[in-house]
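This is model.tsv (TSV, C-alpha atoms and all ligand atoms).
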```tsv
chain	number	residue	atom	x	y	z
A	1	MET	CA	0.00	0.00	0.00
A	2	ALA	CA	1.40	3.38	-0.98
A	3	PRO	CA	2.31	5.55	2.07
A	4	GLU	CA	-0.04	8.39	1.20
A	5	SER	CA	-3.10	6.19	1.61
A	6	VAL	CA	-2.04	5.31	5.15
A	7	LYS	CA	-1.03	8.48	6.93
A	8	ARG	CA	-0.33	12.16	6.38
A	9	ASP	CA	1.75	13.47	9.30
A	10	TRP	CA	5.04	11.68	8.86
A	11	SER	CA	8.25	11.75	10.88
A	12	ILE	CA	11.60	10.03	10.53
A	13	ASN	CA	10.47	7.56	13.22
A	14	ASP	CA	8.04	6.05	10.70
A	15	PHE	CA	10.92	4.80	8.55
A	16	GLU	CA	13.79	2.35	8.72
A	17	VAL	CA	16.48	4.08	6.70
A	18	GLY	CA	18.71	1.89	4.55
A	19	ARG	CA	21.62	2.43	2.19
A	20	PRO	CA	22.28	5.70	0.37
A	21	LEU	CA	21.08	5.67	-3.25
A	22	GLY	CA	22.81	8.81	-4.36
A	23	LYS	CA	23.87	12.31	-3.62
A	24	GLY	CA	22.22	15.36	-5.11
A	25	LYS	CA	22.99	19.06	-4.97
A	26	PHE	CA	21.25	19.61	-1.62
A	27	GLY	CA	21.44	16.32	0.23
A	28	ARG	CA	21.29	12.58	-0.04
A	29	VAL	CA	18.74	10.03	-1.10
A	30	TYR	CA	18.29	6.81	0.90
A	31	VAL	CA	16.25	3.69	0.38
A	32	ALA	CA	13.83	3.40	3.31
A	33	ARG	CA	11.01	1.21	4.52
A	34	GLU	CA	7.85	2.45	6.13
A	35	THR	CA	7.86	0.51	9.39
A	36	LYS	CA	4.17	-0.37	9.57
A	37	THR	CA	3.41	-1.33	5.97
A	38	LYS	CA	6.96	-2.37	4.96
A	39	TYR	CA	6.46	-0.23	1.86
A	40	ILE	CA	9.79	0.62	0.23
A	41	VAL	CA	10.39	4.25	-0.72
A	42	ALA	CA	13.26	6.60	-1.50
A	43	LEU	CA	13.78	9.24	1.16
A	44	LYS	CA	15.35	12.46	-0.11
A	45	VAL	CA	16.96	14.45	2.67
A	46	ILE	CA	17.50	18.14	2.03
A	47	PHE	CA	19.29	20.42	4.49
A	48	LYS	CA	17.29	23.56	5.29
A	49	GLU	CA	20.51	25.54	5.65
A	50	GLN	CA	21.38	24.83	1.99
A	51	ILE	CA	17.90	25.76	0.81
A	52	GLU	CA	18.02	29.01	2.73
A	53	LYS	CA	21.56	29.78	1.56
A	54	TYR	CA	20.55	29.51	-2.09
A	55	LYS	CA	17.07	30.99	-1.52
A	56	LEU	CA	15.43	27.94	-3.03
A	57	LEU	CA	12.52	27.44	-0.66
A	58	HIS	CA	10.06	28.87	-3.16
A	59	GLN	CA	11.34	26.56	-5.92
A	60	LEU	CA	11.30	23.51	-3.66
A	61	LYS	CA	7.75	24.21	-2.57
A	62	ARG	CA	6.77	24.54	-6.22
A	63	GLU	CA	8.50	21.27	-7.08
A	64	MET	CA	6.74	19.49	-4.21
A	65	THR	CA	3.31	20.89	-5.04
A	66	ILE	CA	3.62	20.00	-8.72
A	67	GLN	CA	5.04	16.51	-8.19
A	68	THR	CA	2.44	15.62	-5.55
A	69	SER	CA	-0.35	16.49	-7.97
A	70	LEU	CA	0.99	14.31	-10.78
A	71	HIS	CA	-0.20	10.69	-10.87
A	72	HIS	CA	1.13	8.93	-13.94
A	73	PRO	CA	2.97	5.59	-14.28
A	74	HIS	CA	5.91	7.33	-15.99
A	75	VAL	CA	6.16	10.20	-13.49
A	76	LEU	CA	7.97	9.46	-10.22
A	77	ARG	CA	5.49	9.80	-7.36
A	78	LEU	CA	6.06	12.13	-4.45
A	79	TYR	CA	3.95	10.57	-1.68
A	80	GLY	CA	4.50	13.25	0.93
A	81	TRP	CA	7.02	15.21	2.92
A	82	PHE	CA	7.92	16.21	6.47
A	83	HIS	CA	10.65	18.16	8.24
A	84	ASP	CA	12.58	18.46	11.47
A	85	ALA	CA	14.69	21.33	12.76
A	86	GLU	CA	17.45	20.93	10.15
A	87	ARG	CA	16.10	18.81	7.33
A	88	ILE	CA	13.28	18.43	4.84
A	89	PHE	CA	12.41	14.84	3.84
A	90	LEU	CA	10.69	13.94	0.57
A	91	ILE	CA	8.99	10.52	0.47
A	92	LEU	CA	9.49	9.41	-3.12
A	93	GLU	CA	8.60	6.37	-5.17
A	94	TYR	CA	11.63	4.06	-5.21
A	95	ALA	CA	13.17	3.60	-8.65
A	96	HIS	CA	15.08	0.34	-8.29
A	97	GLY	CA	16.79	0.62	-11.70
A	98	GLY	CA	18.46	3.94	-10.84
A	99	GLU	CA	19.41	6.60	-13.36
A	100	LEU	CA	18.84	6.05	-17.05
A	101	TYR	CA	22.04	8.04	-17.52
A	102	GLY	CA	24.01	5.20	-15.90
A	103	GLU	CA	22.50	2.70	-18.30
A	104	LEU	CA	23.36	4.94	-21.25
A	105	GLN	CA	26.94	5.32	-20.05
A	106	ARG	CA	27.34	1.58	-19.55
A	107	SER	CA	25.99	0.67	-22.97
A	108	GLY	CA	27.29	3.67	-24.96
A	109	HIS	CA	24.03	3.95	-26.87
A	110	PHE	CA	20.68	2.19	-26.94
A	111	SER	CA	19.09	-0.10	-29.52
A	112	GLU	CA	16.28	1.41	-31.61
A	113	GLN	CA	13.76	-0.69	-29.64
A	114	LYS	CA	14.97	0.59	-26.30
A	115	ALA	CA	15.27	4.20	-27.48
A	116	ALA	CA	11.76	4.12	-28.98
A	117	THR	CA	10.34	2.58	-25.80
A	118	TYR	CA	11.84	5.36	-23.67
A	119	ILE	CA	10.74	8.10	-26.09
A	120	ALA	CA	7.17	6.71	-26.19
A	121	SER	CA	7.07	6.49	-22.35
A	122	LEU	CA	8.34	10.05	-22.05
A	123	THR	CA	5.84	11.27	-24.63
A	124	HIS	CA	2.94	9.75	-22.68
A	125	ALA	CA	4.24	11.30	-19.45
A	126	LEU	CA	4.71	14.72	-21.04
A	127	ALA	CA	1.28	14.62	-22.67
A	128	TYR	CA	-0.14	14.03	-19.19
A	129	CYS	CA	1.96	16.84	-17.68
A	130	HIS	CA	1.00	19.26	-20.46
A	131	GLU	CA	-2.66	18.36	-19.95
A	132	LYS	CA	-2.17	19.48	-16.34
A	133	HIS	CA	-0.45	22.65	-17.55
A	134	VAL	CA	2.97	21.52	-16.33
A	135	ILE	CA	6.03	22.14	-18.51
A	136	HIS	CA	9.00	20.13	-17.22
A	137	ARG	CA	11.76	22.17	-18.95
A	138	ASP	CA	14.60	20.10	-17.51
A	139	ILE	CA	14.27	16.69	-19.08
A	140	LYS	CA	17.73	15.11	-19.35
A	141	PRO	CA	19.06	11.58	-18.77
A	142	GLU	CA	20.04	12.41	-15.16
A	143	ASN	CA	16.41	13.25	-14.38
A	144	LEU	CA	15.09	9.99	-15.75
A	145	LEU	CA	14.95	6.99	-13.43
A	146	LEU	CA	14.07	3.35	-14.08
A	147	ASP	CA	11.91	1.05	-11.98
A	148	HIS	CA	12.65	-2.64	-11.27
A	149	GLU	CA	11.24	-3.64	-14.66
A	150	GLY	CA	13.07	-0.97	-16.63
A	151	ARG	CA	10.10	1.36	-16.97
A	152	LEU	CA	11.00	5.01	-17.28
A	153	LYS	CA	10.04	7.54	-14.57
A	154	ILE	CA	10.46	11.30	-14.92
A	155	ALA	CA	11.91	12.72	-11.70
A	156	ASP	CA	13.07	16.09	-10.46
A	157	PHE	CA	10.52	18.78	-11.06
A	158	GLY	CA	12.87	21.45	-9.74
A	159	TRP	CA	12.70	23.49	-12.92
A	160	SER	CA	9.17	22.74	-13.99
A	161	VAL	CA	6.44	25.34	-14.09
A	162	GLN	CA	2.70	25.17	-13.90
A	163	SER	CA	1.50	27.65	-16.43
A	164	THR	CA	-1.02	28.44	-19.07
A	165	ASN	CA	0.90	31.46	-20.34
A	166	LYS	CA	4.14	31.87	-22.21
A	167	ARG	CA	7.11	31.84	-19.84
A	168	ARG	CA	10.32	33.81	-19.91
A	169	THR	CA	12.89	32.40	-17.49
A	170	MET	CA	16.26	30.91	-18.31
A	171	CYS	CA	16.78	27.51	-16.75
A	172	GLY	CA	18.06	23.98	-17.29
A	173	THR	CA	21.18	22.55	-18.92
A	174	LEU	CA	22.18	24.11	-22.23
A	175	ASP	CA	22.52	20.88	-24.26
A	176	TYR	CA	18.85	20.02	-23.89
A	177	LEU	CA	17.42	23.51	-24.28
A	178	ALA	CA	15.31	24.67	-27.19
A	179	PRO	CA	16.44	27.75	-29.18
A	180	GLU	CA	13.72	29.94	-27.64
A	181	MET	CA	15.01	29.03	-24.17
A	182	VAL	CA	18.73	29.59	-24.81
A	183	GLU	CA	17.77	32.97	-26.26
A	184	ASN	CA	15.63	33.65	-23.20
A	185	ARG	CA	12.55	34.29	-25.32
A	186	PRO	CA	9.02	33.43	-24.19
A	187	HIS	CA	8.40	29.69	-24.44
A	188	ASP	CA	5.64	27.17	-24.02
A	189	TYR	CA	5.01	23.43	-23.99
A	190	ALA	CA	6.93	22.88	-27.24
A	191	VAL	CA	10.24	23.22	-25.34
A	192	ASP	CA	9.66	19.69	-24.03
A	193	ASN	CA	9.06	18.43	-27.61
A	194	TRP	CA	12.45	19.83	-28.67
A	195	THR	CA	14.06	18.05	-25.73
A	196	LEU	CA	12.48	14.77	-26.86
A	197	GLY	CA	14.36	15.21	-30.15
A	198	VAL	CA	17.63	15.86	-28.29
A	199	LEU	CA	17.10	12.80	-26.09
A	200	CYS	CA	16.12	10.57	-29.01
A	201	TYR	CA	19.41	11.52	-30.69
A	202	GLU	CA	21.41	10.97	-27.50
A	203	PHE	CA	19.80	7.58	-26.85
A	204	LEU	CA	20.74	6.40	-30.36
A	205	TYR	CA	24.18	8.00	-30.76
A	206	GLY	CA	25.38	8.22	-27.14
A	207	SER	CA	25.85	12.00	-26.97
A	208	PRO	CA	23.54	14.97	-27.44
A	209	PRO	CA	23.36	16.51	-30.93
A	210	PHE	CA	24.66	20.01	-30.20
A	211	GLU	CA	27.49	19.05	-27.86
A	212	ALA	CA	30.50	21.35	-28.10
A	213	ASP	CA	33.59	22.26	-26.08
A	214	GLY	CA	32.16	25.47	-24.67
A	215	GLN	CA	28.70	26.85	-23.86
A	216	ALA	CA	29.10	29.52	-26.55
A	217	ASP	CA	29.58	26.86	-29.23
A	218	THR	CA	26.66	24.77	-27.95
A	219	PHE	CA	24.56	27.93	-28.01
A	220	ARG	CA	25.58	28.63	-31.63
A	221	ARG	CA	24.90	25.05	-32.72
A	222	ILE	CA	21.43	25.08	-31.13
A	223	MET	CA	20.54	28.40	-32.74
A	224	LYS	CA	21.63	27.15	-36.18
A	225	VAL	CA	20.02	23.74	-35.55
A	226	ASP	CA	23.41	22.40	-36.61
A	227	LEU	CA	22.29	18.77	-36.78
A	228	ALA	CA	24.52	16.02	-38.21
A	229	PHE	CA	23.97	12.27	-38.14
A	230	PRO	CA	27.24	10.31	-37.74
A	231	SER	CA	27.66	7.17	-39.86
A	232	THR	CA	28.24	5.01	-36.77
A	233	PRO	CA	26.35	3.67	-34.96
A	234	GLN	CA	23.95	2.85	-37.77
A	235	VAL	CA	20.57	4.42	-37.18
A	236	SER	CA	17.44	3.89	-39.28
A	237	ALA	CA	16.07	6.55	-41.63
A	238	GLU	CA	12.79	6.52	-39.64
A	239	ALA	CA	14.57	7.45	-36.40
A	240	LYS	CA	16.42	10.29	-38.16
A	241	ASP	CA	13.11	11.45	-39.59
A	242	LEU	CA	11.54	11.69	-36.13
A	243	ILE	CA	14.56	13.57	-34.73
A	244	THR	CA	14.45	16.00	-37.68
A	245	LEU	CA	10.73	16.63	-37.13
A	246	LEU	CA	11.35	17.48	-33.45
A	247	LEU	CA	14.50	19.59	-33.76
A	248	VAL	CA	12.75	22.40	-35.60
A	249	LYS	CA	13.62	25.97	-34.68
A	250	ASP	CA	10.07	27.28	-35.04
A	251	SER	CA	8.37	25.83	-31.96
A	252	ALA	CA	4.94	25.89	-33.64
A	253	LYS	CA	6.22	23.54	-36.37
A	254	ARG	CA	7.61	20.82	-34.08
A	255	LEU	CA	5.90	17.44	-34.21
A	256	SER	CA	3.13	17.26	-31.61
A	257	LEU	CA	3.19	14.66	-28.82
A	258	GLU	CA	0.19	12.96	-30.41
A	259	LYS	CA	1.98	12.67	-33.75
A	260	ILE	CA	5.15	11.33	-32.10
A	261	LEU	CA	3.14	8.35	-30.83
A	262	GLU	CA	1.82	7.74	-34.37
A	263	HIS	CA	5.26	8.04	-35.99
A	264	PRO	CA	6.26	4.80	-37.83
A	265	TRP	CA	9.54	4.53	-35.90
A	266	ILE	CA	7.70	4.53	-32.55
A	267	VAL	CA	4.93	2.24	-33.79
A	268	LEU	CA	7.49	-0.25	-35.16
A	269	ASN	CA	10.00	-0.22	-32.30
A	270	ALA	CA	8.44	0.73	-28.96
A	271	ASP	CA	7.75	-2.21	-26.60
A	272	PRO	CA	4.09	-1.96	-25.48
A	273	ASN	CA	4.85	-4.07	-22.38
A	274	LEU	CA	7.02	-1.31	-20.93
A	275	ILE	CA	4.77	1.62	-21.86
A	276	CYS	CA	1.87	2.75	-19.70
A	277	PRO	CA	-0.28	5.34	-21.51
A	278	LYS	CA	-1.99	6.31	-18.24
B	301	LIG	P1	18.90	13.92	-6.68
B	301	LIG	O1	19.18	14.64	-5.42
B	301	LIG	O2	17.44	13.88	-7.03
B	301	LIG	O3	19.75	14.37	-7.83
B	301	LIG	O4	19.27	12.39	-6.41
B	301	LIG	C1	20.58	11.94	-6.25
B	301	LIG	C2	20.71	10.51	-6.76
B	301	LIG	O5	19.94	9.62	-5.95
B	301	LIG	C3	20.17	10.32	-8.16
B	301	LIG	O6	21.15	10.57	-9.08
B	301	LIG	C4	19.73	8.87	-8.17
B	301	LIG	O7	20.81	8.02	-8.49
B	301	LIG	C5	19.32	8.61	-6.74
B	301	LIG	N1	17.87	8.73	-6.59
B	301	LIG	C6	17.15	9.86	-6.44
B	301	LIG	N2	15.85	9.62	-6.32
B	301	LIG	C7	15.71	8.27	-6.39
B	301	LIG	C8	14.58	7.39	-6.35
B	301	LIG	N3	13.35	7.86	-6.18
B	301	LIG	N4	14.80	6.06	-6.45
B	301	LIG	C9	16.07	5.61	-6.62
B	301	LIG	N5	17.16	6.38	-6.68
B	301	LIG	C10	16.99	7.71	-6.56
```

Take the structure in the file and write it out as structure tokens.
Ligand code: AMP
Amino acid sequence: MAPESVKRDWSINDFEVGRPLGKGKFGRVYVARETKTKYIVALKVIFKEQIEKYKLLHQLKREMTIQTSLHHPHVLRLYGWFHDAERIFLILEYAHGGELYGELQRSGHFSEQKAATYIASLTHALAYCHEKHVIHRDIKPENLLLDHEGRLKIADFGWSVQSTNKRRTMCGTLDYLAPEMVENRPHDYAVDNWTLGVLCYEFLYGSPPFEADGQADTFRRIMKVDLAFPSTPQVSAEAKDLITLLLVKDSAKRLSLEKILEHPWIVLNADPNLICPK
């Protein structure tokens, strides 16, 4: 039984804390077990001092509010949170498979089947988020986790916004940012569609398409949509077609999420057993 259906006022005494799963910018993440139900979760511990130092309380609250409201099989659940004098604890769904980034590093690049399965999962999750007026804006392999069966989960809503209007704030990592974001122009949902194109490329080739030695060069390559497909590894024409339809400078002309799911490359390659539309 998921923790949220059991109780709402949590404290650290409700959990048996196990091994550390990783270290983030503001604290550590541990595997933990809710004592009563034995339900396994990931407990993210954030030091209040750090949050105050970087004036991030507002952003954290936003992240928590947004993530709590999202209930989708490909979006990591935030079940609840609590705090003591020094720390804030987030009770998160446990992603046993860890970071997708680790898997990509280990294998160099993914097969077309695996890449298409991840892109389709992400597309379903983003369609759900967009329906709820949430733009993630910081989708990158480090923010994608895998469950025990290898299903993708979007995590880390630190940079996401809940909005119905066009936004104008610079955020995220340059490599994954759409031209309108690197230029700090108003942007909307289509920034996530661009990022799907970047990720699709990275999954298939092992590195993002506009990678360069310095930020200035990455910036220039994004603005020119300087897209090249290396000859190795071999990638199908259909995959390149999808990437080309997503990496379009004019955000209004990018392939829609609906059309991504109908694209022949996705239809042919994505594994329906690992994709949960809702
Ligand atoms: P973060 O502070 O969110 O960057 O998390 C630090 C690291 O902890 C990540 O890179 C993951 O490897 C791991 N991690 C975070 N959240 C979870 C989770 N819900 N399940 C499993 N591992 C996690």

Legend entry - 7 Å contact set for range 37-42 of chain A, all atoms listed in the file, chain neighbours under 5 positions out, as a list in words: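 So, after excluding close chain neighbours, the residues are Met1, Ala2, Val29, Tyr30, Val31, Ala32, Ile91, Leu92, Glu93 and Tyr94 of chain A.
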
Inset, instruction - Using only C-alpha atoms and all ligand atoms, find each protein or nucleic acid residue lying at most 7 Å from ligand LIG 301 (chain B); present the set as a PyMOL selection string. - result: chain A and resi 21-29+42+44+76+92-96+98-99+142+156

Legend entry - Contact residues around Ala85 in chain A with only C-alpha atoms at 12 Å, ignoring same-chain residues under 2 positions, as a list of chain:residue names: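 Answer for this query is A:Ser11, A:Ile12, A:Ile46, A:Phe47, A:Lys48, A:Glu49, A:Phe82, A:His83, A:Arg87, A:Ile88, A:Phe89.
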
Legend entry - Exercise: range 262-273 of chain A partners within 12 Å, only C-alpha atoms, chain neighbours under 3 positions left out, as a PyMOL selection string: chain A and resi 111-124+149-151+200+235-243+245-246+255-259+276-277

Pick out the residues sitting within 7 Å of range 173-186 of chain A, and hand them over as a PDB file with C-alpha atoms, keeping the file's coordinate frame; count all atoms listed in the file, and ignore anything fewer than 5 positions along from it in its own chain.
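Result file is part32.pdb:
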```pdb
ATOM      1  CA  LYS A 140      17.730  15.110 -19.350  1.00  0.00           C
ATOM      2  CA  LYS A 166       4.140  31.870 -22.210  1.00  0.00           C
ATOM      3  CA  ARG A 167       7.110  31.840 -19.840  1.00  0.00           C
ATOM      4  CA  ARG A 168      10.320  33.810 -19.910  1.00  0.00           C
ATOM      5  CA  VAL A 191      10.240  23.220 -25.340  1.00  0.00           C
ATOM      6  CA  TRP A 194      12.450  19.830 -28.670  1.00  0.00           C
ATOM      7  CA  THR A 195      14.060  18.050 -25.730  1.00  0.00           C
ATOM      8  CA  VAL A 198      17.630  15.860 -28.290  1.00  0.00           C
ATOM      9  CA  PRO A 208      23.540  14.970 -27.440  1.00  0.00           C
ATOM     10  CA  PHE A 210      24.660  20.010 -30.200  1.00  0.00           C
ATOM     11  CA  GLU A 211      27.490  19.050 -27.860  1.00  0.00           C
ATOM     12  CA  THR A 218      26.660  24.770 -27.950  1.00  0.00           C
ATOM     13  CA  PHE A 219      24.560  27.930 -28.010  1.00  0.00           C
ATOM     14  CA  ILE A 222      21.430  25.080 -31.130  1.00  0.00           C
ATOM     15  CA  MET A 223      20.540  28.400 -32.740  1.00  0.00           C
ATOM     16  CA  LYS A 249      13.620  25.970 -34.680  1.00  0.00           C
TER      17      LYS A 249
END
```

Inset, instruction - May I ask for the distance between CA of Lys253 in chain A and CA of Ala190 in chain A, given in Å to one decimal place? - result: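 Atom-to-atom, CA of Lys253 in chain A to CA of Ala190 in chain A, that is 9.2 Å.
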
Just save range 46-121 of chain A with C-alpha atoms, as a PDB file, in the first residue's frame.
```pdb
ATOM      1  CA  ILE A  46      17.505  18.144   2.034  1.00  0.00           C
ATOM      2  CA  PHE A  47      19.295  20.422   4.490  1.00  0.00           C
ATOM      3  CA  LYS A  48      17.292  23.558   5.295  1.00  0.00           C
ATOM      4  CA  GLU A  49      20.507  25.538   5.648  1.00  0.00           C
ATOM      5  CA  GLN A  50      21.375  24.832   1.990  1.00  0.00           C
ATOM      6  CA  ILE A  51      17.903  25.755   0.807  1.00  0.00           C
ATOM      7  CA  GLU A  52      18.023  29.011   2.733  1.00  0.00           C
ATOM      8  CA  LYS A  53      21.564  29.784   1.557  1.00  0.00           C
ATOM      9  CA  TYR A  54      20.545  29.511  -2.094  1.00  0.00           C
ATOM     10  CA  LYS A  55      17.073  30.994  -1.520  1.00  0.00           C
ATOM     11  CA  LEU A  56      15.431  27.940  -3.027  1.00  0.00           C
ATOM     12  CA  LEU A  57      12.519  27.444  -0.657  1.00  0.00           C
ATOM     13  CA  HIS A  58      10.057  28.868  -3.160  1.00  0.00           C
ATOM     14  CA  GLN A  59      11.344  26.562  -5.920  1.00  0.00           C
ATOM     15  CA  LEU A  60      11.299  23.515  -3.661  1.00  0.00           C
ATOM     16  CA  LYS A  61       7.748  24.209  -2.574  1.00  0.00           C
ATOM     17  CA  ARG A  62       6.769  24.537  -6.220  1.00  0.00           C
ATOM     18  CA  GLU A  63       8.502  21.267  -7.084  1.00  0.00           C
ATOM     19  CA  MET A  64       6.736  19.492  -4.212  1.00  0.00           C
ATOM     20  CA  THR A  65       3.309  20.886  -5.042  1.00  0.00           C
ATOM     21  CA  ILE A  66       3.616  19.997  -8.718  1.00  0.00           C
ATOM     22  CA  GLN A  67       5.042  16.513  -8.194  1.00  0.00           C
ATOM     23  CA  THR A  68       2.437  15.620  -5.549  1.00  0.00           C
ATOM     24  CA  SER A  69      -0.347  16.494  -7.973  1.00  0.00           C
ATOM     25  CA  LEU A  70       0.988  14.305 -10.784  1.00  0.00           C
ATOM     26  CA  HIS A  71      -0.204  10.692 -10.868  1.00  0.00           C
ATOM     27  CA  HIS A  72       1.134   8.932 -13.945  1.00  0.00           C
ATOM     28  CA  PRO A  73       2.971   5.593 -14.275  1.00  0.00           C
ATOM     29  CA  HIS A  74       5.913   7.333 -15.995  1.00  0.00           C
ATOM     30  CA  VAL A  75       6.161  10.199 -13.494  1.00  0.00           C
ATOM     31  CA  LEU A  76       7.969   9.460 -10.220  1.00  0.00           C
ATOM     32  CA  ARG A  77       5.491   9.800  -7.359  1.00  0.00           C
ATOM     33  CA  LEU A  78       6.060  12.127  -4.451  1.00  0.00           C
ATOM     34  CA  TYR A  79       3.953  10.571  -1.679  1.00  0.00           C
ATOM     35  CA  GLY A  80       4.499  13.249   0.927  1.00  0.00           C
ATOM     36  CA  TRP A  81       7.024  15.212   2.918  1.00  0.00           C
ATOM     37  CA  PHE A  82       7.923  16.209   6.470  1.00  0.00           C
ATOM     38  CA  HIS A  83      10.647  18.160   8.236  1.00  0.00           C
ATOM     39  CA  ASP A  84      12.575  18.459  11.474  1.00  0.00           C
ATOM     40  CA  ALA A  85      14.695  21.334  12.756  1.00  0.00           C
ATOM     41  CA  GLU A  86      17.450  20.933  10.148  1.00  0.00           C
ATOM     42  CA  ARG A  87      16.097  18.813   7.334  1.00  0.00           C
ATOM     43  CA  ILE A  88      13.279  18.432   4.839  1.00  0.00           C
ATOM     44  CA  PHE A  89      12.411  14.843   3.845  1.00  0.00           C
ATOM     45  CA  LEU A  90      10.692  13.936   0.575  1.00  0.00           C
ATOM     46  CA  ILE A  91       8.987  10.524   0.471  1.00  0.00           C
ATOM     47  CA  LEU A  92       9.492   9.411  -3.122  1.00  0.00           C
ATOM     48  CA  GLU A  93       8.596   6.366  -5.166  1.00  0.00           C
ATOM     49  CA  TYR A  94      11.634   4.065  -5.206  1.00  0.00           C
ATOM     50  CA  ALA A  95      13.166   3.596  -8.655  1.00  0.00           C
ATOM     51  CA  HIS A  96      15.081   0.340  -8.291  1.00  0.00           C
ATOM     52  CA  GLY A  97      16.794   0.620 -11.701  1.00  0.00           C
ATOM     53  CA  GLY A  98      18.462   3.941 -10.839  1.00  0.00           C
ATOM     54  CA  GLU A  99      19.411   6.598 -13.356  1.00  0.00           C
ATOM     55  CA  LEU A 100      18.839   6.053 -17.052  1.00  0.00           C
ATOM     56  CA  TYR A 101      22.039   8.041 -17.522  1.00  0.00           C
ATOM     57  CA  GLY A 102      24.010   5.196 -15.897  1.00  0.00           C
ATOM     58  CA  GLU A 103      22.504   2.702 -18.299  1.00  0.00           C
ATOM     59  CA  LEU A 104      23.362   4.935 -21.255  1.00  0.00           C
ATOM     60  CA  GLN A 105      26.935   5.318 -20.048  1.00  0.00           C
ATOM     61  CA  ARG A 106      27.336   1.582 -19.548  1.00  0.00           C
ATOM     62  CA  SER A 107      25.993   0.667 -22.972  1.00  0.00           C
ATOM     63  CA  GLY A 108      27.290   3.669 -24.956  1.00  0.00           C
ATOM     64  CA  HIS A 109      24.027   3.950 -26.873  1.00  0.00           C
ATOM     65  CA  PHE A 110      20.676   2.189 -26.944  1.00  0.00           C
ATOM     66  CA  SER A 111      19.085  -0.099 -29.522  1.00  0.00           C
ATOM     67  CA  GLU A 112      16.279   1.411 -31.605  1.00  0.00           C
ATOM     68  CA  GLN A 113      13.760  -0.691 -29.645  1.00  0.00           C
ATOM     69  CA  LYS A 114      14.972   0.592 -26.299  1.00  0.00           C
ATOM     70  CA  ALA A 115      15.266   4.201 -27.478  1.00  0.00           C
ATOM     71  CA  ALA A 116      11.759   4.121 -28.985  1.00  0.00           C
ATOM     72  CA  THR A 117      10.336   2.580 -25.803  1.00  0.00           C
ATOM     73  CA  TYR A 118      11.840   5.356 -23.665  1.00  0.00           C
ATOM     74  CA  ILE A 119      10.735   8.095 -26.086  1.00  0.00           C
ATOM     75  CA  ALA A 120       7.172   6.714 -26.186  1.00  0.00           C
ATOM     76  CA  SER A 121       7.073   6.494 -22.348  1.00  0.00           C
TER      77      SER A 121
END
```
